[in-house]
Every structure is written in structure tokens, then in C-alpha cells.
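Peer 1: Quick one, input.txt (compact mmCIF, C-alpha atoms):
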# COMPACT_ATOMS: atom_id res chain seq x y z
CA MET Y 29 37.93 -30.08 44.20
CA ARG Y 30 37.48 -26.68 42.47
CA GLN Y 31 34.81 -25.61 45.00
CA ARG Y 32 37.10 -26.47 47.91
CA ILE Y 33 39.99 -24.51 46.42
CA THR Y 34 37.72 -21.52 45.79
CA ALA Y 35 36.52 -21.59 49.40
CA LEU Y 36 40.12 -21.78 50.56
CA CYS Y 37 41.08 -18.72 48.52
CA LEU Y 38 38.13 -16.73 49.94
CA SER Y 39 39.14 -17.69 53.44
CA VAL Y 40 42.70 -16.48 52.79
CA ALA Y 41 41.32 -13.17 51.45
CA VAL Y 42 39.09 -12.66 54.48
CA CYS Y 43 41.99 -13.27 56.83
CA ALA Y 44 44.15 -10.80 54.92
CA ILE Y 45 41.70 -7.89 55.24
CA SER Y 46 40.62 -8.56 58.84
CA PRO Y 47 41.56 -5.84 61.34
CA VAL Y 48 44.83 -6.30 63.20
CA ALA Y 49 43.07 -6.07 66.51
CA SER Y 50 40.90 -9.09 65.77
CA ALA Y 51 43.99 -11.26 65.10
CA GLN Y 52 44.25 -11.84 68.82
CA SER Y 53 40.68 -12.98 69.20
CA SER Y 54 39.79 -16.59 69.75
CA SER Y 55 37.57 -16.68 66.66
CA THR Y 56 40.52 -15.76 64.42
CA GLU Y 57 42.66 -18.49 65.94
CA MET Y 58 39.92 -21.02 65.27
CA ARG Y 59 39.73 -19.88 61.61
CA LEU Y 60 43.49 -20.26 61.21
CA GLN Y 61 43.43 -23.76 62.65
CA ALA Y 62 40.58 -24.75 60.36
CA LEU Y 63 42.47 -23.24 57.41
CA GLU Y 64 45.63 -25.18 58.20
CA ALA Y 65 43.65 -28.42 58.45
CA GLU Y 66 42.00 -27.71 55.08
CA ILE Y 67 45.39 -27.08 53.42
CA ALA Y 68 46.80 -30.33 54.82
CA SER Y 69 43.80 -32.27 53.53
CA LEU Y 70 44.13 -30.76 50.04
CA ARG Y 71 47.84 -31.56 49.93
CA ALA Y 72 47.13 -35.20 50.78
CA GLU Y 73 44.48 -35.52 48.08
CA LEU Y 74 46.69 -33.89 45.41
CA ALA Y 75 49.58 -36.22 46.26
CA ALA Y 76 47.33 -39.28 46.04
CA GLU Y 77 45.92 -38.14 42.68
CA ARG Y 78 49.44 -37.48 41.30
CA GLU Y 79 50.62 -40.93 42.35
CA GLN Y 80 47.65 -42.62 40.69
CA ARG Y 81 48.26 -40.77 37.41
CA GLN Y 82 51.94 -41.77 37.37
CA SER Y 83 50.96 -45.38 38.02
CA ASP Y 84 48.51 -45.33 35.10
CA VAL Y 85 51.14 -43.85 32.75
CA ILE Y 86 53.72 -46.49 33.74
CA LEU Y 87 51.20 -49.31 33.23
CA LEU Y 88 50.18 -47.95 29.81
CA ASP Y 89 53.83 -47.59 28.75
CA GLN Y 90 54.53 -51.18 29.77
CA LYS Y 91 51.61 -52.41 27.68
CA VAL Y 92 52.83 -50.50 24.60
CA GLN Y 93 56.52 -51.33 24.93
CA GLN Y 94 56.23 -54.98 25.93
CA PRO Y 95 53.75 -56.84 23.67
CA VAL Y 96 56.01 -59.91 23.55
CA PRO Y 97 54.16 -63.24 23.89
CA VAL Y 98 55.47 -65.92 26.19
CA ASP Y 99 58.52 -67.79 24.88
CA ALA Y 100 58.79 -65.60 21.75
CA PRO Y 101 62.10 -66.28 20.01
CA SER Y 102 64.48 -63.35 19.54
CA GLY Y 103 64.02 -61.51 16.25
CA THR Y 104 60.48 -62.75 15.62
CA VAL Y 105 57.24 -60.88 15.04
CA ALA Y 106 56.90 -59.85 18.67
CA LYS Y 107 60.14 -57.87 18.62
CA ALA Y 108 58.59 -55.04 16.60
CA GLY Y 109 54.94 -54.77 15.71
CA PHE Y 110 51.51 -53.79 16.95
CA GLN Y 111 49.18 -55.74 19.17
CA VAL Y 112 45.53 -56.62 18.63
CA GLY Y 113 44.16 -58.53 21.59
CA ASP Y 114 46.76 -61.11 22.50
CA THR Y 115 48.22 -61.34 18.97
CA THR Y 116 51.17 -59.28 17.73
CA PHE Y 117 51.17 -58.29 14.04
CA LYS Y 118 53.89 -56.93 11.80
CA ILE Y 119 53.51 -55.66 8.24
CA GLY Y 120 56.54 -55.70 5.97
CA GLY Y 121 57.68 -55.73 2.39
CA TYR Y 122 59.08 -53.31 -0.14
CA VAL Y 123 58.23 -51.19 -3.15
CA ASP Y 124 60.38 -52.19 -6.12
CA PHE Y 125 60.92 -50.62 -9.54
CA ASP Y 126 63.08 -52.27 -12.22
CA ALA Y 127 64.06 -50.90 -15.60
CA SER Y 128 65.82 -53.35 -17.91
CA LEU Y 129 67.32 -53.40 -21.38
CA THR Y 130 67.43 -56.95 -22.80
CA ASP Y 131 69.29 -58.08 -25.89
CA LEU Y 132 68.70 -61.58 -27.28
CA SER Y 133 71.00 -63.11 -29.87
CA ASP Y 134 68.25 -65.39 -31.20
CA GLY Y 135 64.51 -64.86 -31.18
CA THR Y 136 62.27 -63.00 -28.77
CA ILE Y 137 60.56 -63.44 -25.40
CA GLY Y 138 56.82 -62.73 -25.33
CA SER Y 139 55.67 -59.52 -23.65
CA SER Y 140 53.53 -61.45 -21.14
CA SER Y 141 56.34 -63.84 -20.15
CA ILE Y 142 57.69 -63.64 -16.62
CA ALA Y 143 61.15 -64.07 -18.21
CA ARG Y 144 60.89 -60.40 -19.19
CA ASP Y 145 61.00 -59.54 -15.48
CA PHE Y 146 63.90 -61.74 -14.38
CA TYR Y 147 66.30 -64.36 -15.75
CA ILE Y 148 64.83 -67.79 -16.49
CA PRO Y 149 67.50 -69.93 -18.20
CA SER Y 150 65.21 -72.28 -20.13
CA VAL Y 151 63.38 -69.40 -21.84
CA THR Y 152 66.48 -68.01 -23.59
CA PRO Y 153 65.61 -68.52 -27.28
CA VAL Y 154 67.86 -70.39 -29.71
CA GLY Y 155 67.41 -69.79 -33.44
CA GLY Y 156 65.70 -66.92 -35.17
CA GLU Y 157 66.45 -63.22 -35.47
CA GLY Y 158 67.87 -61.33 -32.52
CA SER Y 159 65.88 -58.68 -30.67
CA THR Y 160 66.28 -55.88 -28.14
CA VAL Y 161 63.61 -54.59 -25.75
CA THR Y 162 63.23 -52.20 -22.81
CA ASP Y 163 60.93 -53.02 -19.88
CA PHE Y 164 59.74 -51.02 -16.86
CA THR Y 165 58.03 -52.97 -14.06
CA ALA Y 166 57.01 -52.69 -10.42
CA GLN Y 167 55.59 -56.22 -10.22
CA ALA Y 168 58.29 -57.42 -7.80
CA THR Y 169 56.77 -55.13 -5.12
CA ARG Y 170 56.13 -57.31 -2.10
CA LEU Y 171 53.81 -57.30 0.92
CA SER Y 172 53.95 -59.55 3.98
CA VAL Y 173 51.90 -59.93 7.17
CA ALA Y 174 53.18 -61.86 10.17
CA ALA Y 175 51.25 -62.70 13.34
CA GLN Y 176 52.35 -64.25 16.62
CA ARG Y 177 50.63 -65.21 19.86
CA ASP Y 178 51.17 -67.42 22.88
CA VAL Y 179 49.62 -70.89 22.74
CA GLY Y 180 50.25 -73.08 25.74
CA GLY Y 181 53.37 -71.15 26.72
CA LYS Y 182 54.86 -71.44 23.21
CA ALA Y 183 54.94 -68.95 20.33
CA ALA Y 184 52.63 -69.76 17.42
CA THR Y 185 53.50 -67.79 14.27
CA GLY Y 186 51.60 -67.29 11.03
CA TYR Y 187 53.08 -65.69 7.91
CA LEU Y 188 51.64 -64.54 4.57
CA GLU Y 189 53.67 -63.08 1.69
CA MET Y 190 52.70 -61.99 -1.82
CA ASP Y 191 53.96 -60.03 -4.82
CA PHE Y 192 52.67 -59.31 -8.34
CA LEU Y 193 55.07 -61.19 -10.63
CA GLY Y 194 53.75 -63.56 -13.27
CA SER Y 195 50.25 -62.12 -13.26
CA PHE Y 196 48.08 -62.96 -16.27
CA GLN Y 197 45.22 -60.74 -15.12
CA GLY Y 198 46.86 -57.46 -16.01
CA ASN Y 199 48.38 -55.85 -19.07
CA GLU Y 200 50.54 -52.87 -20.00
CA ARG Y 201 48.07 -51.27 -22.41
CA VAL Y 202 46.29 -48.92 -20.00
CA SER Y 203 46.61 -49.46 -16.26
CA SER Y 204 49.16 -52.27 -15.64
CA SER Y 205 46.75 -53.60 -13.00
CA PHE Y 206 48.53 -56.81 -12.11
CA SER Y 207 47.03 -59.16 -9.53
CA PRO Y 208 48.84 -60.46 -6.44
CA ARG Y 209 50.27 -64.00 -6.30
CA LEU Y 210 50.89 -66.19 -3.28
CA ARG Y 211 54.57 -66.61 -2.40
CA ARG Y 212 54.61 -68.00 1.15
CA ALA Y 213 51.89 -68.85 3.66
CA TYR Y 214 52.62 -71.02 6.69
CA LEU Y 215 52.06 -71.75 10.37
CA ASP Y 216 54.93 -72.37 12.82
CA TYR Y 217 54.48 -74.10 16.16
CA MET Y 218 56.95 -76.02 18.30
CA GLY Y 219 59.38 -76.68 15.45
CA VAL Y 220 56.72 -77.73 12.93
CA ARG Y 221 56.06 -75.63 9.83
CA ILE Y 222 52.95 -76.32 7.73
CA GLY Y 223 52.02 -74.42 4.58
CA GLN Y 224 53.72 -73.03 1.50
CA GLU Y 225 57.40 -72.21 2.00
CA TRP Y 226 60.86 -72.45 0.47
CA THR Y 227 61.72 -76.08 -0.13
CA THR Y 228 63.81 -77.64 2.61
CA PHE Y 229 66.25 -78.68 -0.13
CA GLN Y 230 67.23 -75.00 -0.59
CA ASN Y 231 69.45 -72.79 1.57
CA THR Y 232 68.09 -69.30 0.87
CA SER Y 233 71.16 -67.59 2.34
CA ALA Y 234 73.09 -68.83 -0.73
CA ILE Y 235 70.98 -66.63 -3.05
CA PRO Y 236 73.22 -63.84 -4.40
CA GLU Y 237 72.28 -60.22 -3.76
CA SER Y 238 71.23 -58.58 -7.02
CA ALA Y 239 69.61 -55.52 -8.51
CA SER Y 240 67.14 -57.63 -10.48
CA PHE Y 241 64.65 -60.02 -8.90
CA LEU Y 242 66.84 -63.12 -9.36
CA VAL Y 243 70.21 -63.97 -10.92
CA LEU Y 244 72.41 -67.07 -11.31
CA SER Y 245 69.33 -69.29 -11.31
CA ASP Y 246 70.95 -71.79 -13.73
CA GLY Y 247 72.53 -74.06 -11.10
CA MET Y 248 70.54 -72.75 -8.15
CA VAL Y 249 68.23 -74.89 -6.02
CA PHE Y 250 65.10 -72.70 -6.03
CA ASN Y 251 61.56 -73.76 -5.23
CA ARG Y 252 58.59 -72.78 -3.09
CA GLN Y 253 55.78 -75.25 -2.49
CA PRO Y 254 53.37 -76.71 0.10
CA LEU Y 255 55.14 -78.82 2.71
CA VAL Y 256 55.21 -80.16 6.25
CA ARG Y 257 58.59 -79.63 7.94
CA LEU Y 258 59.99 -80.71 11.29
CA THR Y 259 63.02 -78.92 12.73
CA ARG Y 260 64.96 -80.44 15.62
CA GLY Y 261 68.22 -78.71 16.42
CA ASN Y 262 70.44 -78.74 13.34
CA PHE Y 263 68.28 -81.30 11.54
CA GLN Y 264 65.26 -80.76 9.31
CA PHE Y 265 62.93 -83.34 7.78
CA ALA Y 266 60.11 -82.59 5.35
CA LEU Y 267 57.37 -84.07 3.19
CA GLU Y 268 56.81 -81.79 0.20
CA ASN Y 269 54.49 -81.42 -2.76
CA PRO Y 270 55.05 -84.25 -5.27
CA ASP Y 271 54.99 -82.88 -8.79
CA ALA Y 272 57.17 -84.11 -11.66
CA THR Y 273 58.01 -82.69 -15.08
CA VAL Y 274 58.42 -85.29 -17.82
CA THR Y 275 59.69 -85.14 -21.41
CA PRO Y 276 57.16 -87.09 -23.51
CA ALA Y 277 57.96 -89.92 -25.95
CA SER Y 278 58.19 -87.40 -28.79
CA GLY Y 279 61.30 -86.02 -27.13
CA ALA Y 280 60.06 -82.42 -27.17
CA GLY Y 281 58.06 -80.31 -24.75
CA ARG Y 282 57.13 -80.97 -21.17
CA ILE Y 283 54.34 -82.74 -19.30
CA GLU Y 284 53.52 -81.71 -15.76
CA ALA Y 285 52.91 -85.10 -14.16
CA ASP Y 286 50.99 -84.37 -10.96
CA GLY Y 287 49.74 -87.93 -10.38
CA ASN Y 288 52.41 -88.76 -7.82
CA ILE Y 289 51.37 -90.90 -4.85
CA VAL Y 290 54.48 -90.53 -2.67
CA PRO Y 291 55.42 -87.05 -1.36
CA ASP Y 292 58.89 -85.71 -2.07
CA VAL Y 293 61.12 -86.38 0.95
CA VAL Y 294 63.89 -84.02 2.09
CA ALA Y 295 66.43 -84.34 4.91
CA ARG Y 296 68.82 -81.52 5.75
CA TYR Y 297 71.59 -80.73 8.23
CA ASN Y 298 72.46 -77.10 9.04
CA LEU Y 299 75.71 -75.88 10.59
CA LYS Y 300 76.12 -72.26 11.73
CA GLY Y 301 78.95 -70.36 13.36
CA ASP Y 302 81.26 -67.38 13.08
CA PHE Y 303 82.34 -68.75 9.69
CA GLY Y 304 78.81 -68.33 8.30
CA ASN Y 305 76.53 -71.28 7.54
CA LEU Y 306 76.57 -74.57 5.65
CA SER Y 307 73.71 -76.90 4.68
CA LEU Y 308 73.85 -80.48 3.44
CA ALA Y 309 70.58 -81.78 1.97
CA ALA Y 310 69.24 -84.95 0.35
CA LEU Y 311 66.12 -85.25 -1.82
CA GLY Y 312 64.22 -88.41 -2.72
CA ARG Y 313 61.20 -88.34 -5.02
CA GLN Y 314 58.85 -90.38 -7.12
CA LEU Y 315 58.57 -89.39 -10.80
CA ARG Y 316 55.24 -90.69 -12.04
CA LEU Y 317 53.28 -90.11 -15.24
CA GLU Y 318 49.67 -91.27 -15.29
CA THR Y 319 47.36 -90.75 -18.26
CA GLY Y 320 44.49 -92.71 -19.68
CA VAL Y 321 47.01 -94.89 -21.52
CA VAL Y 322 50.24 -94.62 -19.51
CA ASP Y 323 51.00 -95.28 -15.86
CA GLU Y 324 54.75 -95.31 -15.35
CA ALA Y 325 56.98 -94.29 -12.47
CA THR Y 326 60.65 -94.16 -11.52
CA PHE Y 327 62.72 -92.89 -8.60
CA GLY Y 328 64.79 -89.71 -8.47
CA TYR Y 329 67.26 -88.29 -6.00
CA ALA Y 330 69.61 -85.33 -5.55
CA LEU Y 331 72.27 -84.14 -3.10
CA SER Y 332 73.10 -80.54 -2.33
CA ALA Y 333 75.72 -78.54 -0.42
CA SER Y 334 75.16 -74.81 -0.06
CA GLY Y 335 75.86 -71.89 2.22
CA ARG Y 336 77.36 -68.51 2.87
CA ILE Y 337 80.94 -68.25 4.11
CA ASN Y 338 82.26 -65.06 5.74
CA VAL Y 339 85.54 -63.78 4.31
CA GLY Y 340 87.49 -61.03 6.03
CA GLU Y 341 85.62 -58.40 7.99
CA ARG Y 342 82.65 -57.79 5.70
CA ASP Y 343 82.86 -59.95 2.56
CA ASP Y 344 81.13 -63.27 1.99
CA ILE Y 345 81.09 -66.10 -0.54
CA ARG Y 346 77.76 -67.70 -1.44
CA PHE Y 347 77.64 -71.08 -3.14
CA ASN Y 348 75.44 -73.98 -4.13
CA LEU Y 349 76.47 -77.40 -5.51
CA VAL Y 350 73.82 -79.89 -6.60
CA GLY Y 351 73.64 -83.12 -8.55
CA GLY Y 352 71.56 -86.24 -8.97
CA GLU Y 353 69.09 -88.15 -11.09
CA GLY Y 354 65.67 -86.59 -11.50
CA ALA Y 355 66.24 -83.28 -9.65
CA GLY Y 356 64.11 -81.63 -12.36
CA ARG Y 357 62.13 -78.61 -11.22
CA TYR Y 358 64.17 -78.19 -8.03
CA VAL Y 359 67.15 -76.78 -9.95
CA GLY Y 360 67.51 -74.04 -12.55
CA LEU Y 361 63.82 -73.06 -12.49
CA ASN Y 362 63.12 -76.37 -14.24
CA ALA Y 363 65.66 -75.80 -17.01
CA ILE Y 364 65.86 -79.62 -17.26
CA ASN Y 365 62.95 -82.03 -16.76
CA GLY Y 366 62.94 -84.67 -14.05
CA ALA Y 367 62.41 -87.66 -16.36
CA ALA Y 368 61.93 -88.67 -19.99
CA MET Y 369 59.80 -91.41 -21.56
CA ASP Y 370 61.56 -94.03 -23.66
CA PRO Y 371 59.48 -94.39 -26.84
CA GLN Y 372 60.59 -97.99 -27.32
CA SER Y 373 59.91 -99.47 -23.87
CA GLY Y 374 57.46 -96.86 -22.58
CA ASP Y 375 59.47 -96.63 -19.35
CA LEU Y 376 60.37 -93.44 -17.54
CA GLU Y 377 64.06 -92.68 -17.04
CA ALA Y 378 65.29 -90.03 -14.60
CA ILE Y 379 67.39 -87.31 -16.25
CA GLY Y 380 70.75 -86.74 -14.60
CA SER Y 381 72.01 -83.22 -13.96
CA PHE Y 382 74.66 -81.39 -11.98
CA GLY Y 383 75.43 -77.74 -11.43
CA GLY Y 384 75.97 -74.94 -8.99
CA LEU Y 385 76.77 -71.30 -8.42
CA ILE Y 386 79.33 -69.14 -6.68
CA ALA Y 387 79.00 -65.43 -5.85
CA TRP Y 388 81.16 -62.91 -4.03
CA ARG Y 389 79.70 -59.99 -2.07
CA HIS Y 390 82.12 -57.15 -1.32
CA PRO Y 391 80.87 -54.15 0.70
CA PHE Y 392 82.72 -50.87 0.22
CA GLY Y 393 82.26 -47.36 1.51
CA GLN Y 394 79.53 -46.93 4.09
CA THR Y 395 76.53 -48.62 2.41
CA ALA Y 396 77.61 -49.79 -1.05
CA ARG Y 397 78.53 -53.32 -2.17
CA LEU Y 398 79.71 -55.14 -5.26
CA ASN Y 399 78.30 -58.56 -6.16
CA ILE Y 400 79.71 -60.81 -8.88
CA GLY Y 401 79.08 -64.47 -9.66
CA TYR Y 402 78.78 -67.42 -12.03
CA SER Y 403 76.29 -70.28 -12.32
CA GLY Y 404 75.81 -73.31 -14.55
CA LEU Y 405 73.73 -76.47 -15.00
CA TRP Y 406 74.51 -79.45 -17.25
CA ALA Y 407 72.15 -82.25 -18.29
CA ASP Y 408 73.06 -85.91 -18.74
CA ASN Y 409 70.24 -86.66 -21.15
CA PRO Y 410 69.45 -90.32 -22.00
CA ASP Y 411 70.67 -91.44 -25.43
CA PHE Y 412 67.14 -92.02 -26.68
CA LEU Y 413 66.25 -88.40 -25.81
CA THR Y 414 69.17 -86.89 -27.71
CA ASP Y 415 68.37 -89.11 -30.70
CA LEU Y 416 64.73 -88.05 -30.68
CA ASN Y 417 65.37 -84.38 -29.98
CA PRO Y 418 68.83 -83.00 -30.81
CA SER Y 419 67.53 -79.59 -29.67
CA ALA Y 420 67.10 -80.79 -26.07
CA THR Y 421 68.83 -78.52 -23.56
CA GLU Y 422 72.38 -79.61 -22.77
CA SER Y 423 73.45 -76.71 -20.52
CA VAL Y 424 72.61 -73.24 -19.26
CA GLN Y 425 75.18 -70.84 -17.83
CA SER Y 426 75.27 -67.22 -16.70
CA THR Y 427 77.43 -64.60 -15.04
CA PHE Y 428 76.57 -61.24 -13.50
CA ALA Y 429 77.93 -58.16 -11.73
CA ALA Y 430 75.88 -55.71 -9.67
CA VAL Y 431 76.55 -52.61 -7.58
CA LEU Y 432 73.98 -51.68 -4.93
CA TRP Y 433 73.97 -48.59 -2.73
CA ASP Y 434 71.74 -47.64 0.19
CA ILE Y 435 71.23 -43.94 -0.45
CA ALA Y 436 69.02 -43.60 2.64
CA PRO Y 437 67.75 -45.94 5.38
CA LYS Y 438 65.90 -48.80 3.62
CA VAL Y 439 66.26 -47.12 0.22
CA THR Y 440 68.49 -49.00 -2.24
CA VAL Y 441 69.46 -48.23 -5.82
CA GLY Y 442 71.34 -50.67 -8.00
CA VAL Y 443 72.69 -51.36 -11.46
CA GLU Y 444 73.42 -54.83 -12.83
CA GLY Y 445 74.75 -56.51 -15.93
CA LEU Y 446 73.90 -60.16 -16.74
CA TYR Y 447 74.97 -62.49 -19.53
CA GLY Y 448 73.52 -65.96 -20.05
CA VAL Y 449 73.93 -68.76 -22.61
CA LYS Y 450 71.71 -71.74 -23.39
CA GLU Y 451 73.27 -74.61 -25.38
CA LEU Y 452 71.43 -77.47 -27.07
CA GLU Y 453 72.55 -81.07 -27.66
CA ASN Y 454 73.11 -80.32 -31.36
CA GLY Y 455 75.60 -77.57 -30.52
CA ASP Y 456 73.34 -74.60 -31.24
CA ASP Y 457 73.14 -71.88 -28.63
CA GLY Y 458 71.48 -68.59 -27.83
CA SER Y 459 72.45 -65.81 -25.46
CA ILE Y 460 70.83 -63.10 -23.37
CA SER Y 461 72.42 -59.83 -22.24
CA ARG Y 462 70.51 -57.69 -19.76
CA LEU Y 463 71.22 -54.36 -18.08
CA THR Y 464 69.00 -53.60 -15.08
CA PHE Y 465 68.53 -50.47 -12.99
CA SER Y 466 66.49 -50.81 -9.80
CA THR Y 467 65.21 -48.79 -6.88
CA LYS Y 468 63.77 -50.38 -3.76
CA TYR Y 469 62.19 -49.00 -0.58
CA GLY Y 470 61.76 -51.49 2.26
CA PHE Y 471 59.34 -51.12 5.15
Take the structure in the file and give it back as C-alpha cells.
Peer 2:
Amino acid sequence: MRQRITALCLSVAVCAISPVASAQSSSTEMRLQALEAEIASLRAELAAEREQRQSDVILLDQKVQQPVPVDAPSGTVAKAGFQVGDTTFKIGGYVDFDASLTDLSDGTIGSSSIARDFYIPSVTPVGGEGSTVTDFTAQATRLSVAAQRDVGGKAATGYLEMDFLGSFQGNERVSSSFSPRLRRAYLDYMGVRIGQEWTTFQNTSAIPESASFLVLSDGMVFNRQPLVRLTRGNFQFALENPDATVTPASGAGRIEADGNIVPDVVARYNLKGDFGNLSLAALGRQLRLETGVVDEATFGYALSASGRINVGERDDIRFNLVGGEGAGRYVGLNAINGAAMDPQSGDLEAIGSFGGLIAWRHPFGQTARLNIGYSGLWADNPDFLTDLNPSATESVQSTFAAVLWDIAPKVTVGVEGLYGVKELENGDDGSISRLTFSTKYGF
């Protein structure tokens, strides 16, 4: 192309300096005709090349802007991410820093306990000298990877999520090198979810917004575990990991009884609308303790109603009500065991419990919001258990208030005050007061 343009320029120069007399000669006319034909040919080639380049740019832009697999639901991985082959990936999470000042009326909480990072009702000490401690931590920092691709005209989604809470492989002496822990890991395809996920018995939208990692856990349904879940319309059905916690015949302590044969069964109905959302759920489970000497089992159940209700233009109320026999580890972060062993008969008896939470979220200004709430859980311990162990937990309750403010896109600062009380069957109690300051950057 360059050689042809150069020749064209030389031809134009020759014509410009030719004598005027020769302009009327036949040879000059032939040169001009040849020159015009050459210019027309060049114009055609340049137009074709320009059109091809524009076509390539449009095709490349379409590939970058539209990586959505076939039948990808709105708001899923394919909406925003990067593509490798025929799979769309998205990386998410946040960097979290929490600074807390904790005052205990009775006793202490060990430096390696996860209860130093967020509120766990059962760990509140009762008896002993009070203590006060300050903690800085970034262990709630979270990382997630989601992937989605088309399989048979349907979207298949995989999800992996981890943080660093509860690590026993790090320490605060030198480097605070805490190891990651698995939170969620599952596969979704055609309404079936397989893997580790929030229990179907829990409505996660009822979790209050807070500056700390978790608040109002006393009466909250809260659990993540391996499961197989089927979703059809508003209904969900699941088989979940069977694991019971049992109070032994001594009346004190806890045995993790993982010898269950029957999976935990959950059925749930979800209702959504302009009002917000509401979930009604039922749990049925086997509570079995098998040792070299004992092989006993009983049946447990629980019912739950939970949701988030919109109030006014921007406010919402979040709530959770739960009760049953043998709910155990599903409620209150296992503040109350699922069953207890009768020392006389050797039988297992499910422990009754009921509780709940309510929280109000009130946005104000452009990006700030106030959150306040209350939560409680009460045990209906068998008579033989209270006789054996008057220090068995009777109730746990807490209240909190938090102000959070987005100071920049995806950057949130917050301050929170929490007060919790644990009461025993003998009337003794202990309290926890905690002030938390947090900063979080989401990505």
C-alpha cells in the first residue's frame, strides 16, 4: 500500500512540473486517465479496510460487554465479572477492621476464643472477678469467588467463600498470621443446591446490620452446614448435616453426638413482595448419642417465622421467632444443647427452648443508618437436669445500638454498643458490655 501511494505522489509531482504545452498531448491525457483510475482503486481499498476494522472493533466490544451465559438469572455472576473460556468469574469480599473494648462483670474470655471477636451468648462468664480488655482484629476480612457457565441451556453456578475468624493456627505475638476457614462452598443447578451453605431453617435477611461481625445471636437461627436443597417456587426442602449436642448424665458440659443416622430435614415457605419478605420453616431431627456403652436417640423439632418488613420509605423491621424441642445448635450459637441424658433411665430427652429477635434499621442523611434491637432465648430444661446442674443456662439476652456511615462508595465506618446477660437456673448471672468501632471496604 505504501509503495502504491508513493508512486501516486511521484506521478502527481511529474504532472505538476510538466510544460503547459504538453498538457494537450495525447500522452498526458493517458497519464491523467491512469492516475484517476489509480486514485479510485486506492479509495475503494481504504474504504474496505476501514469497514473491516470497524467490524472487528464491534465484535470485540460485544465479546467484552456481553459474557452472559444462556439463561443466566438477573443479578448473578454473569452480570458483572470476567470471562475465562465459557465460564464467567467474579471475585468479591471485603477488608474489615474491628476495634473493641469489652467489659465482663464476671470472669474472663480466653485470648484465643472466637468470643473475643464477636458476641457468643453461651461464653459470657458467670462467677469470678470482672475484667476489661481491648482487642484489634482483621480476621473478619472475607474473600469469595463465584463462577457461572451454561450447561444444557441452564446456568450452573459455583460459589466459594472464606474468612479468617476462629483460626487456631495464628497468634497475636508476632505476625497475627491467621489461616482461612471455609464459610460457604456450593453448586447450584436447576433449583438444586449442593454443598455447604446457610441452613434452610434460617432467613438471612433477618440478620440485623451491625458494626461488629454479629449481634443479637441469642434468639437467632444461625447455622451453616453441608446440605442438599431443592427450591421450587416459594417452597424449599432440604436434607442437612445431622449433628446433635447432648448434655451428659453428669448434667454439665456438652457432648457432640455425631452418630446420627437420619439427616436433619427442613421445609420452608418464602413469601416476597413490596412489604418485604417472610419465611415460615419447620425442622425435624434425630438426636442420637452413640458411645461404646450408650446408644440412645430421641426426636427433636422446631418451628420458625422470620423476615424483613419494610416500614415507610426507607426503614425496615427484622425479626425472628423460633421455638421447639431439641432445636439445640440451630439457635443462639448453641447456647442450649439439643438434648440431655437422664441419669436414672439413661434415656435422652429433647430440651425445649423458645426465643427470637427484633431489630429496627433507620437510614438518615445520605448514607448513614441507625440500627437498634433486642434478642433473647429461654430454655425449658428437664427437671432432672436442673437438679443435677443448677448452673445450667436458663436464658441469654442482649440488646444493641449501632450507627453506620458510608463515607465513600463501598467504604463503611461504624460504632456499636452491645449489652448481654446470661442467667443460670440457680439465679446467678453474668453480663458483657462491648463497644466496637469498625471500618470496612467492600469489593
Peer 1: Pick the closest to Gly356 in chain Y from Y:Asp271, Y:Ala325, Y:Val293, Y:Glu422: which is it, counting only C-alpha atoms?
Peer 2: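 So, comparing all the options, the nearest one is Y:Asp271.
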Peer 1: Once you count only C-alpha atoms, which residues end up no further than 10 Å from (59.9, -95.5, -25.3) in the file's frame, shown as a VMD selection string?
Peer 2: chain Y and resid 276 to 279 368 to 377 412 to 413
Peer 1: Determine, counting all atoms listed in the file, which protein, DNA and RNA residues have an atom within 12 Å of an atom of range 149-151 of chain Y; residues of the same chain fewer than 2 positions away are not included. Present the result as a ChimeraX atom specification.
Peer 2: /Y:132,134-138,141-147,153-154,242-248,281-282,357,359-365,403-406,420-427,446-452,457-461
Peer 1: Around (64.2, -89.1, 1.2) in the file's frame, which residues reach within 8 Å when counting all atoms listed in the file? Return as a list in words?
Peer 2: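 Protein, DNA and RNA residues close to (64.2, -89.1, 1.2): Asp292, Val293, Val294, Ala295, Ala310, Leu311, Gly312, Arg313 and Tyr329 of chain Y.
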Peer 1: Between Y:Gly194, Y:Pro437, Y:Gly287, Y:Gly351, which residue has the minimum interatomic distance to Ala309 in chain Y, considering all atoms listed in the file?
Peer 2: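 Closest to Ala309 in chain Y, using all atoms listed in the file: Y:Gly351.
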Peer 1: Using only C-alpha atoms for the distances, tell me which of Y:Ala239, Y:Leu267, Y:Ile379, Y:Val256 is nearest to Ile400 in chain Y.
Peer 2: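 Selected residue with least distance to Ile400 in chain Y: Y:Ala239.
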Peer 1: Can you list, as a PyMOL selection string, every protein, DNA or RNA residue that comes within 10 Å of Gln264 in chain Y when you count only C-alpha atoms, leaving out same-chain residues fewer than 6 positions away?
Peer 2: chain Y and resi 219-220+228-229+257-258+294-298+309
Peer 1: Ranking Y:Thr130, Y:Asn348, Y:Glu341, Y:Arg209 by minimum distance to Thr160 in chain Y and counting only C-alpha atoms, which one comes first?
Peer 2: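 Of Y:Thr130, Y:Asn348, Y:Glu341, Y:Arg209, the one nearest Thr160 in chain Y, counting only C-alpha atoms, is Y:Thr130.
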